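**Q** Take a look at run.tsv, TSV, C-alpha atoms:
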```tsv
chain	number	residue	atom	x	y	z
Q	1	MET	CA	-31.17	-17.04	-9.46
Q	2	VAL	CA	-27.81	-15.40	-10.12
Q	3	THR	CA	-24.88	-17.79	-10.39
Q	4	LEU	CA	-21.60	-16.11	-9.57
Q	5	SER	CA	-18.32	-16.99	-11.24
Q	6	LYS	CA	-15.66	-18.95	-9.39
Q	7	ARG	CA	-13.39	-16.01	-10.14
Q	8	VAL	CA	-15.40	-13.47	-8.16
Q	9	GLN	CA	-15.96	-15.96	-5.36
Q	10	SER	CA	-12.19	-16.32	-4.95
Q	11	VAL	CA	-11.81	-12.72	-3.74
Q	12	SER	CA	-13.42	-10.64	-1.01
Q	13	LEU	CA	-14.54	-7.09	-0.28
Q	14	SER	CA	-11.75	-4.90	1.08
Q	15	ALA	CA	-11.36	-5.41	4.83
Q	16	ASN	CA	-10.22	-1.80	5.09
Q	17	ALA	CA	-13.48	-0.61	3.55
Q	18	ALA	CA	-15.52	-2.91	5.78
Q	19	ALA	CA	-13.78	-1.67	8.93
Q	20	ARG	CA	-14.28	1.94	7.94
Q	21	GLN	CA	-17.94	1.37	7.12
Q	22	LEU	CA	-18.55	-0.18	10.55
Q	23	THR	CA	-16.75	2.73	12.20
Q	24	ARG	CA	-18.91	5.25	10.36
Q	25	GLN	CA	-22.07	3.41	11.36
Q	26	LEU	CA	-21.05	3.46	15.02
Q	27	LYS	CA	-20.18	7.15	14.85
Q	28	GLU	CA	-23.56	7.92	13.30
Q	29	GLN	CA	-25.12	6.16	16.29
Q	30	GLY	CA	-23.24	8.49	18.61
Q	31	VAL	CA	-20.53	6.06	19.71
Q	32	ASP	CA	-17.19	7.65	20.62
Q	33	ILE	CA	-14.82	5.93	18.17
Q	34	LEU	CA	-11.40	7.05	16.98
Q	35	ASP	CA	-11.04	5.95	13.34
Q	36	LEU	CA	-7.57	4.59	12.54
Q	37	THR	CA	-8.67	2.33	9.73
Q	38	THR	CA	-7.95	4.06	6.44
Q	39	GLY	CA	-4.65	4.83	4.75
Q	40	GLU	CA	-5.73	8.16	3.32
Q	41	PRO	CA	-3.81	11.41	3.91
Q	42	ASP	CA	-5.78	13.88	6.01
Q	43	PHE	CA	-4.16	16.81	4.20
Q	44	ASP	CA	-5.87	18.67	1.38
Q	45	THR	CA	-4.69	18.25	-2.20
Q	46	PRO	CA	-2.22	21.17	-2.70
Q	47	ALA	CA	-3.84	24.32	-4.07
Q	48	HIS	CA	-1.89	24.47	-7.32
Q	49	ILE	CA	-3.12	21.00	-8.22
Q	50	ARG	CA	-6.75	21.84	-7.51
Q	51	GLN	CA	-6.38	25.03	-9.55
Q	52	ALA	CA	-5.02	23.04	-12.50
Q	53	ALA	CA	-8.15	20.88	-12.43
Q	54	VAL	CA	-10.39	23.95	-12.50
Q	55	ALA	CA	-8.38	25.42	-15.37
Q	56	ALA	CA	-8.70	22.17	-17.31
Q	57	MET	CA	-12.47	22.17	-16.91
Q	58	GLU	CA	-12.73	25.80	-17.96
Q	59	ALA	CA	-10.60	25.02	-21.01
Q	60	GLY	CA	-12.96	22.23	-22.04
Q	61	GLU	CA	-10.65	19.31	-21.20
Q	62	THR	CA	-13.63	17.11	-20.37
Q	63	ARG	CA	-13.61	14.53	-23.17
Q	64	TYR	CA	-12.34	10.99	-23.62
Q	65	THR	CA	-8.61	10.50	-23.08
Q	66	PRO	CA	-6.20	8.05	-24.73
Q	67	THR	CA	-6.34	4.67	-23.02
Q	68	ASN	CA	-2.66	4.80	-22.12
Q	69	GLY	CA	-2.97	8.33	-20.70
Q	70	THR	CA	-2.61	11.84	-22.03
Q	71	THR	CA	0.75	12.78	-23.54
Q	72	PRO	CA	1.29	15.67	-21.06
Q	73	LEU	CA	0.81	13.35	-18.08
Q	74	ARG	CA	3.00	10.58	-19.46
Q	75	LYS	CA	5.71	13.16	-20.13
Q	76	ALA	CA	5.31	14.49	-16.59
Q	77	VAL	CA	5.72	10.95	-15.19
Q	78	LEU	CA	8.77	10.48	-17.40
Q	79	ALA	CA	10.30	13.69	-16.01
Q	80	LYS	CA	9.39	12.75	-12.44
Q	81	LEU	CA	11.13	9.38	-12.78
Q	82	LYS	CA	14.20	11.05	-14.26
Q	83	ASN	CA	14.47	13.95	-11.81
Q	84	GLU	CA	13.25	12.38	-8.56
Q	85	ASN	CA	14.29	8.76	-9.05
Q	86	GLN	CA	17.18	8.96	-11.54
Q	87	LEU	CA	15.43	6.40	-13.74
Q	88	ASP	CA	15.38	6.57	-17.53
Q	89	TYR	CA	12.34	5.44	-19.49
Q	90	GLU	CA	10.87	6.10	-22.92
Q	91	LEU	CA	7.38	7.50	-23.35
Q	92	ALA	CA	6.11	4.19	-24.75
Q	93	GLN	CA	7.06	2.54	-21.43
Q	94	ILE	CA	4.60	4.66	-19.42
Q	95	CYS	CA	0.87	4.09	-19.00
Q	96	ILE	CA	-1.78	5.79	-16.86
Q	97	ALA	CA	-4.74	4.13	-15.15
Q	98	ASN	CA	-7.54	4.83	-12.68
Q	99	GLY	CA	-5.29	4.45	-9.66
Q	100	ALA	CA	-2.34	2.19	-8.90
Q	101	LYS	CA	-4.77	-0.63	-8.11
Q	102	GLN	CA	-5.84	-0.78	-11.76
Q	103	ILE	CA	-2.20	-0.86	-12.89
Q	104	ILE	CA	-1.68	-3.94	-10.71
Q	105	PHE	CA	-4.85	-5.62	-11.96
Q	106	ASN	CA	-4.03	-4.87	-15.60
Q	107	ALA	CA	-0.54	-6.32	-15.24
Q	108	PHE	CA	-1.79	-9.60	-13.84
Q	109	ALA	CA	-4.63	-9.78	-16.36
Q	110	ALA	CA	-2.13	-9.28	-19.17
Q	111	THR	CA	0.35	-11.94	-18.05
Q	112	LEU	CA	-1.22	-14.68	-15.92
Q	113	ASN	CA	-2.56	-18.00	-17.15
Q	114	GLU	CA	-4.41	-20.51	-15.00
Q	115	GLY	CA	-2.09	-21.91	-12.34
Q	116	ASP	CA	0.70	-19.37	-12.76
Q	117	GLU	CA	2.27	-18.43	-9.43
Q	118	VAL	CA	2.90	-14.99	-7.96
Q	119	ILE	CA	5.10	-14.68	-4.88
Q	120	VAL	CA	3.58	-12.26	-2.36
Q	121	PRO	CA	5.43	-11.50	0.90
Q	122	VAL	CA	3.19	-11.43	3.98
Q	123	PRO	CA	1.97	-9.08	5.40
Q	124	TYR	CA	0.60	-7.79	2.12
Q	125	TRP	CA	-1.73	-5.17	0.74
Q	126	PRO	CA	-4.86	-7.30	0.05
Q	127	THR	CA	-5.12	-6.19	-3.58
Q	128	PHE	CA	-2.01	-8.19	-4.46
Q	129	PRO	CA	-3.26	-11.75	-3.74
Q	130	ASP	CA	-6.86	-10.97	-4.70
Q	131	SER	CA	-5.85	-9.55	-8.10
Q	132	VAL	CA	-3.72	-12.64	-8.69
Q	133	ARG	CA	-6.61	-14.98	-7.88
Q	134	PHE	CA	-9.12	-12.99	-9.91
Q	135	ASN	CA	-6.89	-13.36	-12.94
Q	136	GLY	CA	-6.45	-17.10	-12.61
Q	137	GLY	CA	-3.13	-17.20	-10.81
Q	138	GLU	CA	-2.08	-18.67	-7.50
Q	139	ALA	CA	-0.71	-16.37	-4.81
Q	140	VAL	CA	2.27	-18.00	-3.08
Q	141	LEU	CA	2.28	-16.34	0.33
Q	142	LEU	CA	5.61	-16.11	2.16
Q	143	ALA	CA	5.32	-15.24	5.85
Q	144	CYS	CA	7.62	-12.37	6.87
Q	145	PRO	CA	6.73	-11.84	10.54
Q	146	LEU	CA	7.96	-9.27	13.01
Q	147	GLU	CA	11.08	-11.32	13.82
Q	148	GLN	CA	12.41	-10.64	10.32
Q	149	GLU	CA	11.13	-7.05	10.31
Q	150	TYR	CA	8.36	-7.96	7.84
Q	151	LYS	CA	10.96	-8.29	5.06
Q	152	LEU	CA	11.37	-11.04	2.50
Q	153	GLN	CA	14.62	-12.96	2.96
Q	154	PRO	CA	16.73	-14.14	-0.01
Q	155	GLN	CA	16.58	-17.78	1.06
Q	156	GLN	CA	12.79	-17.62	1.27
Q	157	LEU	CA	12.61	-16.26	-2.24
Q	158	ALA	CA	15.02	-18.84	-3.63
Q	159	GLN	CA	13.07	-21.72	-2.10
Q	160	ALA	CA	9.71	-20.40	-3.30
Q	161	ILE	CA	10.52	-19.94	-6.99
Q	162	THR	CA	9.31	-22.78	-9.19
Q	163	ALA	CA	8.80	-23.36	-12.89
Q	164	LYS	CA	5.34	-21.84	-12.45
Q	165	THR	CA	6.54	-18.57	-10.88
Q	166	ARG	CA	5.53	-15.62	-13.04
Q	167	TRP	CA	5.92	-12.63	-10.68
Q	168	LEU	CA	7.44	-11.44	-7.43
Q	169	VAL	CA	5.65	-8.56	-5.70
Q	170	LEU	CA	7.70	-6.08	-3.64
Q	171	ASN	CA	5.93	-3.29	-1.78
Q	172	ASN	CA	8.50	-0.76	-0.51
Q	173	PRO	CA	7.78	1.08	1.80
Q	174	GLY	CA	5.34	-1.56	2.96
Q	175	ASN	CA	1.65	-1.44	3.76
Q	176	PRO	CA	0.70	-2.44	6.47
Q	177	SER	CA	4.12	-2.83	8.07
Q	178	GLY	CA	5.87	0.46	7.29
Q	179	MET	CA	9.07	-1.50	6.66
Q	180	VAL	CA	11.66	-0.13	4.22
Q	181	TYR	CA	14.26	-2.27	2.44
Q	182	SER	CA	17.89	-1.19	2.57
Q	183	ALA	CA	20.19	-1.20	-0.45
Q	184	ASP	CA	21.95	-4.32	0.84
Q	185	GLU	CA	18.65	-6.16	1.36
Q	186	LEU	CA	17.48	-5.32	-2.15
Q	187	THR	CA	20.85	-6.34	-3.59
Q	188	ALA	CA	20.54	-9.74	-1.92
Q	189	LEU	CA	17.09	-10.28	-3.44
Q	190	ALA	CA	18.41	-9.20	-6.84
Q	191	THR	CA	21.12	-11.86	-6.63
Q	192	VAL	CA	18.44	-14.53	-6.35
Q	193	LEU	CA	16.33	-13.04	-9.13
Q	194	ARG	CA	19.24	-13.06	-11.58
Q	195	ASP	CA	19.15	-16.86	-11.45
Q	196	HIS	CA	15.51	-16.82	-12.62
Q	197	PRO	CA	15.29	-14.65	-15.76
Q	198	ASP	CA	11.66	-15.54	-16.46
Q	199	VAL	CA	10.35	-14.08	-13.20
Q	200	LEU	CA	8.79	-10.62	-13.53
Q	201	ILE	CA	9.02	-8.16	-10.63
Q	202	MET	CA	6.29	-5.77	-9.54
Q	203	LEU	CA	7.58	-2.83	-7.49
Q	204	ASP	CA	4.83	-0.96	-5.66
Q	205	GLU	CA	6.52	2.20	-4.40
Q	206	LEU	CA	3.47	4.34	-3.76
Q	207	TYR	CA	4.80	5.51	-0.37
Q	208	GLU	CA	8.24	6.42	-1.74
Q	209	HIS	CA	8.19	9.96	-0.30
Q	210	ILE	CA	6.73	9.10	3.11
Q	211	LEU	CA	9.94	8.11	4.87
Q	212	PHE	CA	11.13	8.88	8.39
Q	213	ASP	CA	14.35	9.70	10.23
Q	214	GLY	CA	16.02	11.22	7.18
Q	215	ARG	CA	15.80	8.11	5.02
Q	216	GLU	CA	16.19	8.34	1.25
Q	217	HIS	CA	14.12	6.14	-1.04
Q	218	ILE	CA	16.06	3.26	-2.59
Q	219	SER	CA	14.50	1.14	-5.31
Q	220	LEU	CA	15.45	-2.29	-6.63
Q	221	LEU	CA	15.92	-0.45	-9.92
Q	222	HIS	CA	18.74	1.55	-8.33
Q	223	VAL	CA	20.73	-1.42	-7.05
Q	224	ALA	CA	19.92	-3.79	-9.94
Q	225	PRO	CA	19.38	-1.79	-13.14
Q	226	ASP	CA	20.11	-4.94	-15.15
Q	227	LEU	CA	16.69	-6.26	-14.06
Q	228	ALA	CA	14.81	-3.29	-15.52
Q	229	ASP	CA	13.62	-5.23	-18.57
Q	230	ARG	CA	11.39	-7.34	-16.32
Q	231	ILE	CA	10.38	-4.82	-13.66
Q	232	LEU	CA	7.02	-3.04	-13.55
Q	233	LEU	CA	7.24	0.07	-11.37
Q	234	VAL	CA	3.87	1.05	-9.89
Q	235	GLY	CA	3.28	4.59	-8.66
Q	236	GLY	CA	0.65	7.28	-8.38
Q	237	VAL	CA	-0.42	10.57	-6.88
Q	238	SER	CA	-2.67	9.35	-4.06
Q	239	LYS	CA	-0.31	9.29	-1.07
Q	240	THR	CA	2.39	11.88	-1.78
Q	241	TYR	CA	-0.01	14.51	-3.10
Q	242	ALA	CA	-3.08	13.63	-0.99
Q	243	MET	CA	-5.03	12.80	-4.16
Q	244	THR	CA	-6.73	9.52	-3.26
Q	245	GLY	CA	-10.05	10.52	-4.82
Q	246	TRP	CA	-8.52	11.69	-8.09
Q	247	ARG	CA	-7.76	8.07	-9.06
Q	248	ILE	CA	-4.54	8.35	-11.03
Q	249	GLY	CA	-1.79	5.73	-11.05
Q	250	PHE	CA	1.01	4.92	-13.45
Q	251	GLY	CA	2.99	1.94	-14.60
Q	252	ALA	CA	6.52	2.09	-15.98
Q	253	GLY	CA	8.07	-0.99	-17.49
Q	254	PRO	CA	8.91	-3.04	-20.58
Q	255	LYS	CA	7.05	-1.80	-23.66
Q	256	ALA	CA	5.57	-5.19	-24.47
Q	257	LEU	CA	4.05	-5.44	-21.00
Q	258	ILE	CA	2.79	-1.84	-21.06
Q	259	ASP	CA	1.19	-2.41	-24.48
Q	260	ALA	CA	-0.62	-5.51	-23.18
Q	261	MET	CA	-1.82	-3.67	-20.07
Q	262	VAL	CA	-3.25	-0.92	-22.25
Q	263	VAL	CA	-5.18	-3.56	-24.23
Q	264	VAL	CA	-6.69	-4.84	-20.96
Q	265	GLN	CA	-7.62	-1.33	-19.88
Q	266	SER	CA	-9.20	-0.56	-23.25
Q	267	GLN	CA	-11.82	-3.19	-22.45
Q	268	ASN	CA	-12.46	-2.50	-18.76
Q	269	SER	CA	-12.45	1.29	-18.37
Q	270	SER	CA	-10.73	3.14	-21.23
Q	271	GLY	CA	-8.69	6.22	-20.32
Q	272	ALA	CA	-8.63	7.87	-16.91
Q	273	SER	CA	-10.46	11.15	-16.23
Q	274	ALA	CA	-9.21	14.08	-18.30
Q	275	ILE	CA	-9.59	16.46	-15.35
Q	276	SER	CA	-7.73	14.18	-12.95
Q	277	GLN	CA	-4.92	13.73	-15.44
Q	278	ALA	CA	-4.56	17.50	-15.84
Q	279	ALA	CA	-4.34	17.79	-12.06
Q	280	ALA	CA	-1.71	15.03	-11.95
Q	281	VAL	CA	0.38	16.91	-14.52
Q	282	ALA	CA	0.43	19.87	-12.13
Q	283	ALA	CA	1.33	17.53	-9.27
Q	284	TYR	CA	4.32	15.97	-10.97
Q	285	ASN	CA	5.53	19.22	-12.53
Q	286	GLY	CA	4.99	21.34	-9.42
Q	287	GLY	CA	7.73	20.02	-7.19
Q	288	LEU	CA	7.66	18.71	-3.63
Q	289	ASP	CA	8.09	21.87	-1.58
Q	290	PHE	CA	4.79	21.18	0.21
Q	291	LEU	CA	5.93	17.74	1.38
Q	292	PRO	CA	8.45	18.24	4.24
Q	293	PRO	CA	5.87	19.62	6.74
Q	294	GLN	CA	3.54	16.72	5.96
Q	295	ARG	CA	6.31	14.16	6.36
Q	296	THR	CA	7.26	15.76	9.67
Q	297	ALA	CA	3.64	15.56	10.80
Q	298	TYR	CA	3.50	11.83	9.97
Q	299	GLN	CA	6.74	11.22	11.87
Q	300	ASP	CA	5.50	13.18	14.89
Q	301	ARG	CA	2.35	11.05	14.92
Q	302	ARG	CA	4.38	7.87	14.65
Q	303	ASP	CA	6.57	8.93	17.56
Q	304	ALA	CA	3.56	9.93	19.67
Q	305	ILE	CA	1.71	6.64	19.35
Q	306	MET	CA	4.84	4.51	19.59
Q	307	ALA	CA	5.72	6.15	22.90
Q	308	LEU	CA	2.38	4.92	24.24
Q	309	LEU	CA	2.34	1.45	22.65
Q	310	LYS	CA	5.91	0.28	23.25
Q	311	PRO	CA	5.50	0.02	27.06
Q	312	VAL	CA	2.44	-2.24	26.62
Q	313	GLN	CA	3.84	-5.70	27.30
Q	314	GLU	CA	1.01	-7.53	25.56
Q	315	ILE	CA	1.68	-5.79	22.22
Q	316	ASP	CA	4.79	-6.16	20.05
Q	317	VAL	CA	5.47	-3.34	17.62
Q	318	LEU	CA	8.37	-2.22	15.44
Q	319	ASN	CA	9.12	1.40	14.66
Q	320	PRO	CA	7.89	1.87	11.06
Q	321	ASP	CA	10.42	3.49	8.76
Q	322	GLY	CA	7.88	4.76	6.23
Q	323	ALA	CA	4.24	4.92	5.08
Q	324	PHE	CA	1.68	5.88	7.74
Q	325	PHE	CA	0.76	2.68	9.54
Q	326	ILE	CA	1.54	0.98	12.84
Q	327	PHE	CA	1.38	-2.83	12.63
Q	328	CYS	CA	0.95	-4.45	16.03
Q	329	ARG	CA	1.29	-8.09	17.03
Q	330	CYS	CA	-1.26	-8.81	19.74
Q	331	ALA	CA	-0.54	-12.46	20.61
Q	332	GLY	CA	0.10	-11.32	24.18
Q	333	LEU	CA	-3.56	-10.34	24.54
Q	334	LEU	CA	-4.86	-13.83	23.78
Q	335	GLY	CA	-5.92	-15.67	26.89
Q	336	LYS	CA	-6.45	-12.46	28.86
Q	337	THR	CA	-9.74	-11.71	30.61
Q	338	ARG	CA	-11.63	-8.47	30.14
Q	339	PRO	CA	-13.10	-6.49	33.05
Q	340	ASP	CA	-16.55	-7.84	32.11
Q	341	GLY	CA	-15.32	-11.42	32.50
Q	342	GLN	CA	-15.12	-12.26	28.80
Q	343	LYS	CA	-11.99	-14.02	27.61
Q	344	ILE	CA	-10.00	-12.80	24.63
Q	345	GLU	CA	-9.38	-15.88	22.53
Q	346	SER	CA	-8.85	-14.62	18.98
Q	347	GLU	CA	-7.73	-11.71	16.86
Q	348	GLN	CA	-11.36	-10.79	16.29
Q	349	ASP	CA	-11.90	-10.69	20.05
Q	350	VAL	CA	-9.02	-8.21	20.22
Q	351	MET	CA	-10.57	-6.03	17.53
Q	352	ASN	CA	-13.95	-6.11	19.26
Q	353	TYR	CA	-12.37	-5.16	22.59
Q	354	LEU	CA	-10.45	-2.26	21.04
Q	355	LEU	CA	-13.61	-1.09	19.29
Q	356	GLU	CA	-15.50	-1.13	22.59
Q	357	SER	CA	-12.56	0.80	24.07
Q	358	GLY	CA	-13.05	3.49	21.45
Q	359	VAL	CA	-10.42	2.64	18.80
Q	360	SER	CA	-11.08	1.23	15.34
Q	361	GLY	CA	-8.30	-0.46	13.38
Q	362	VAL	CA	-8.06	-3.29	10.85
Q	363	ALA	CA	-7.43	-6.93	11.77
Q	364	GLY	CA	-4.08	-8.35	10.69
Q	365	SER	CA	-5.79	-11.26	8.95
Q	366	ALA	CA	-6.74	-8.76	6.23
Q	367	TYR	CA	-3.02	-8.55	5.48
Q	368	GLY	CA	-2.27	-12.25	5.89
Q	369	LEU	CA	-0.86	-12.28	9.45
Q	370	SER	CA	-2.65	-13.11	12.71
Q	371	PRO	CA	-2.92	-12.13	15.48
Q	372	TYR	CA	-2.03	-8.58	14.46
Q	373	PHE	CA	-3.83	-5.30	13.82
Q	374	ARG	CA	-3.07	-2.20	11.77
Q	375	LEU	CA	-3.53	1.39	12.86
Q	376	SER	CA	-3.40	4.29	10.40
Q	377	ILE	CA	-1.75	7.49	11.57
Q	378	ALA	CA	-3.12	9.48	8.62
Q	379	THR	CA	-5.13	11.64	10.99
Q	380	ASP	CA	-4.43	14.48	13.41
Q	381	ILE	CA	-1.89	13.95	16.16
Q	382	GLU	CA	-4.36	14.40	19.02
Q	383	THR	CA	-6.52	11.58	17.64
Q	384	VAL	CA	-3.44	9.40	17.21
Q	385	ARG	CA	-2.21	10.17	20.72
Q	386	GLU	CA	-5.63	9.55	22.29
Q	387	ALA	CA	-5.92	6.25	20.43
Q	388	GLY	CA	-2.60	5.18	21.89
Q	389	ARG	CA	-3.80	6.12	25.37
Q	390	ARG	CA	-7.03	4.19	24.98
Q	391	ILE	CA	-5.24	1.07	23.74
Q	392	ALA	CA	-2.73	1.21	26.60
Q	393	GLN	CA	-5.50	1.71	29.16
Q	394	ALA	CA	-7.57	-1.12	27.71
Q	395	CYS	CA	-4.61	-3.48	27.96
Q	396	ALA	CA	-3.76	-2.36	31.49
Q	397	VAL	CA	-7.10	-3.55	32.93
Q	398	LEU	CA	-6.86	-7.07	31.48
Q	399	LYS	CA	-6.11	-9.99	33.75
```
The structure given in the file should be rewritten as C-alpha cells.

**A**
Amino acid sequence: MVTLSKRVQSVSLSANAAARQLTRQLKEQGVDILDLTTGEPDFDTPAHIRQAAVAAMEAGETRYTPTNGTTPLRKAVLAKLKNENQLDYELAQICIANGAKQIIFNAFAATLNEGDEVIVPVPYWPTFPDSVRFNGGEAVLLACPLEQEYKLQPQQLAQAITAKTRWLVLNNPGNPSGMVYSADELTALATVLRDHPDVLIMLDELYEHILFDGREHISLLHVAPDLADRILLVGGVSKTYAMTGWRIGFGAGPKALIDAMVVVQSQNSSGASAISQAAAVAAYNGGLDFLPPQRTAYQDRRDAIMALLKPVQEIDVLNPDGAFFIFCRCAGLLGKTRPDGQKIESEQDVMNYLLESGVSGVAGSAYGLSPYFRLSIATDIETVREAGRRIAQACAVLK
C-alpha cells in the first residue's frame, strides 16, 4: 500500500486541467461543447521565435543548460526589463525556470518554514495557495469580491499582516478576474508594506502586455522602487508570445533569494530546455510588433461576450481591464428552476447546466470565490460570441 505524504494531500489537481479534460471527453463523444476553460493564447508562436528554435537545434544547442538559465537568455530578460519596464537589475538577479509556475514554487520552497503565512488575495490563480501549502506554509486568503473590483484594499492588507507573514502575492493583471491595479491603488498598498519590512512581495505580471482600452502596464516596482530589495518579479513568455508549451519563466529579485531559488531548482529539475531558452532569447530580443493585432483581437472578444452577458440579470460581471478572462458571479441563478424541472442550488449545478447548454467554463471555487465561474476568451471571436449567446439563452428559460 502506498502512503502519501501530508504535503501532497494538502493540494489538488488543477481545476482548469480537470475542466478541460472533461470538455475534451465530451467532444470526443460528439457533444457540441464550446471550450472556454483554458487560458492559453490561440495564436501561433511568432515565426521568428520558431525559426530561432530550429536554428538552435541545427547548431547543436541540445545539451544541459546552467541551472539559473543560459547567459544569452538572462541578458535578454535584463534588456527586456530595462527597455520595456524601465527596471534596472544585475545579471545575478535573474533566473530562468521551466515556466513561471516553477519560479513561484522555487521561491516558496526557498523561503517558507512550517507555519509561515502568505497573504493571497481572492480570487487567486490556484498555484499560489497550493504552492504555499506544499512548501509548509499557510495561505491567508483575503476575499476581494466583485464589490471591490477583485482588488486587495490597504486596510485588508494591514489587518492581515502578522508576525508570521512571510509574503504578499500580487497578480496584476489578475487571473481569473482581469482586474488591473492603478498607480494610486498600488501606492496605497506600498504605504502599508513599508510598515512591515520583513514581508516579501511576489509580483506575478505574466499578463503585463494584455491590457485593454489603451491602458499602460504599471508595476508596484514603478510606484515604490524602495521596496525592490524584497520584491520577486515573476514573468515569462507564455502569454505575450503564445509560448505556453515552451515552458520558460523568469524571476527577477534580490540576489540572495535568486541564489536560493537556483539551489531548489538544481535538485528538482536542473536547467530549462536549451532549445526553449534559445527561442525565448529571440522572443525578448525581437520586439513586440506582432502584439497589437492580438491585443485588439482579445479586446474585440471581450466586448463581444460582454455585450451578451451584461443584460443577463442573473449574472453579475465587471468589464475586465486585462488578461483574457471573464469572471462571472452567478448567485442570481441559485434557486432558479431549469426547463426540465431541476432546481439550481449550487455553483456546481450552474456549471452542469451551462455544460448541458453547450458551454464549458471553470467553477469559481477553483479560484477561491463561489458562486462564480470563469470563461476564457483565448479562442476565436465566433466561439466567444456563440458562448455568450448560449449562456444568455440558457438563463432566459429559467424560472

**Q** Between CA of Asp321 in chain Q and CA of Asn171 in chain Q, measure the distance and give it in Å to one decimal.

**A**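 We find that CA of Asp321 in chain Q and CA of Asn171 in chain Q lie 13.3 Å from each other.
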
**Q** Could you give me, as a VMD selection string, the residues within 12 Å of Pro311 in chain Q, counting only C-alpha atoms and dropping anything in the same chain fewer than 2 positions from it?

**A** chain Q and resid 305 to 309 313 to 317 388 to 389 391 to 393 395 to 396

**Q** What would the list of residues within 12 Å of (0.5, 15.2, -2.7) (file frame) look like as a ChimeraX atom specification, if only C-alpha atoms are what count?

**A** /Q:40-50,206-210,236-246,248,279-295

**Q** So that I can check the surroundings of Arg7 in chain Q, please list as a PyMOL selection string every protein, DNA and RNA residue that reaches within 10 Å of it, counting all atoms listed in the file and ignoring chain neighbours fewer than 2 positions away.

**A** chain Q and resi 4-5+9-11+130+133-136

**Q** Which residues are near Leu186 in chain Q? Cut-off 9 Å, only C-alpha atoms, ignore same chain within fewer than 6 positions. Put them as a PyMOL selection string.

**A** chain Q and resi 218-220+223-224

**Q** Could you tell me how far CA of Ala252 in chain Q sits from CA of Ala97 in chain Q, in Å to one decimal place?

**A** 11.5 Å

**Q** When distances are computed from all atoms listed in the file, which of Q:Val122, Q:Ala76, Q:Ile33, Q:Leu13 shows the smallest separation from Ile96 in chain Q?

**A**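 Closest to Ile96 in chain Q, using all atoms listed in the file: Q:Ala76.
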
**Q** Could you list, as number ranges by chain, every residue within 10 Å of Val120 in chain Q, counting all atoms listed in the file and ignoring same-chain residues fewer than 3 positions away?

**A** Q: 117, 123-125, 128-129, 132, 138-143, 152, 157, 167-171

**Q** What is the CA of Gln93 in chain Q-CA of Ile258 in chain Q distance in Å, reported with one decimal?

**A**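 Between CA of Gln93 in chain Q and CA of Ile258 in chain Q the gap works out to 6.1 Å.
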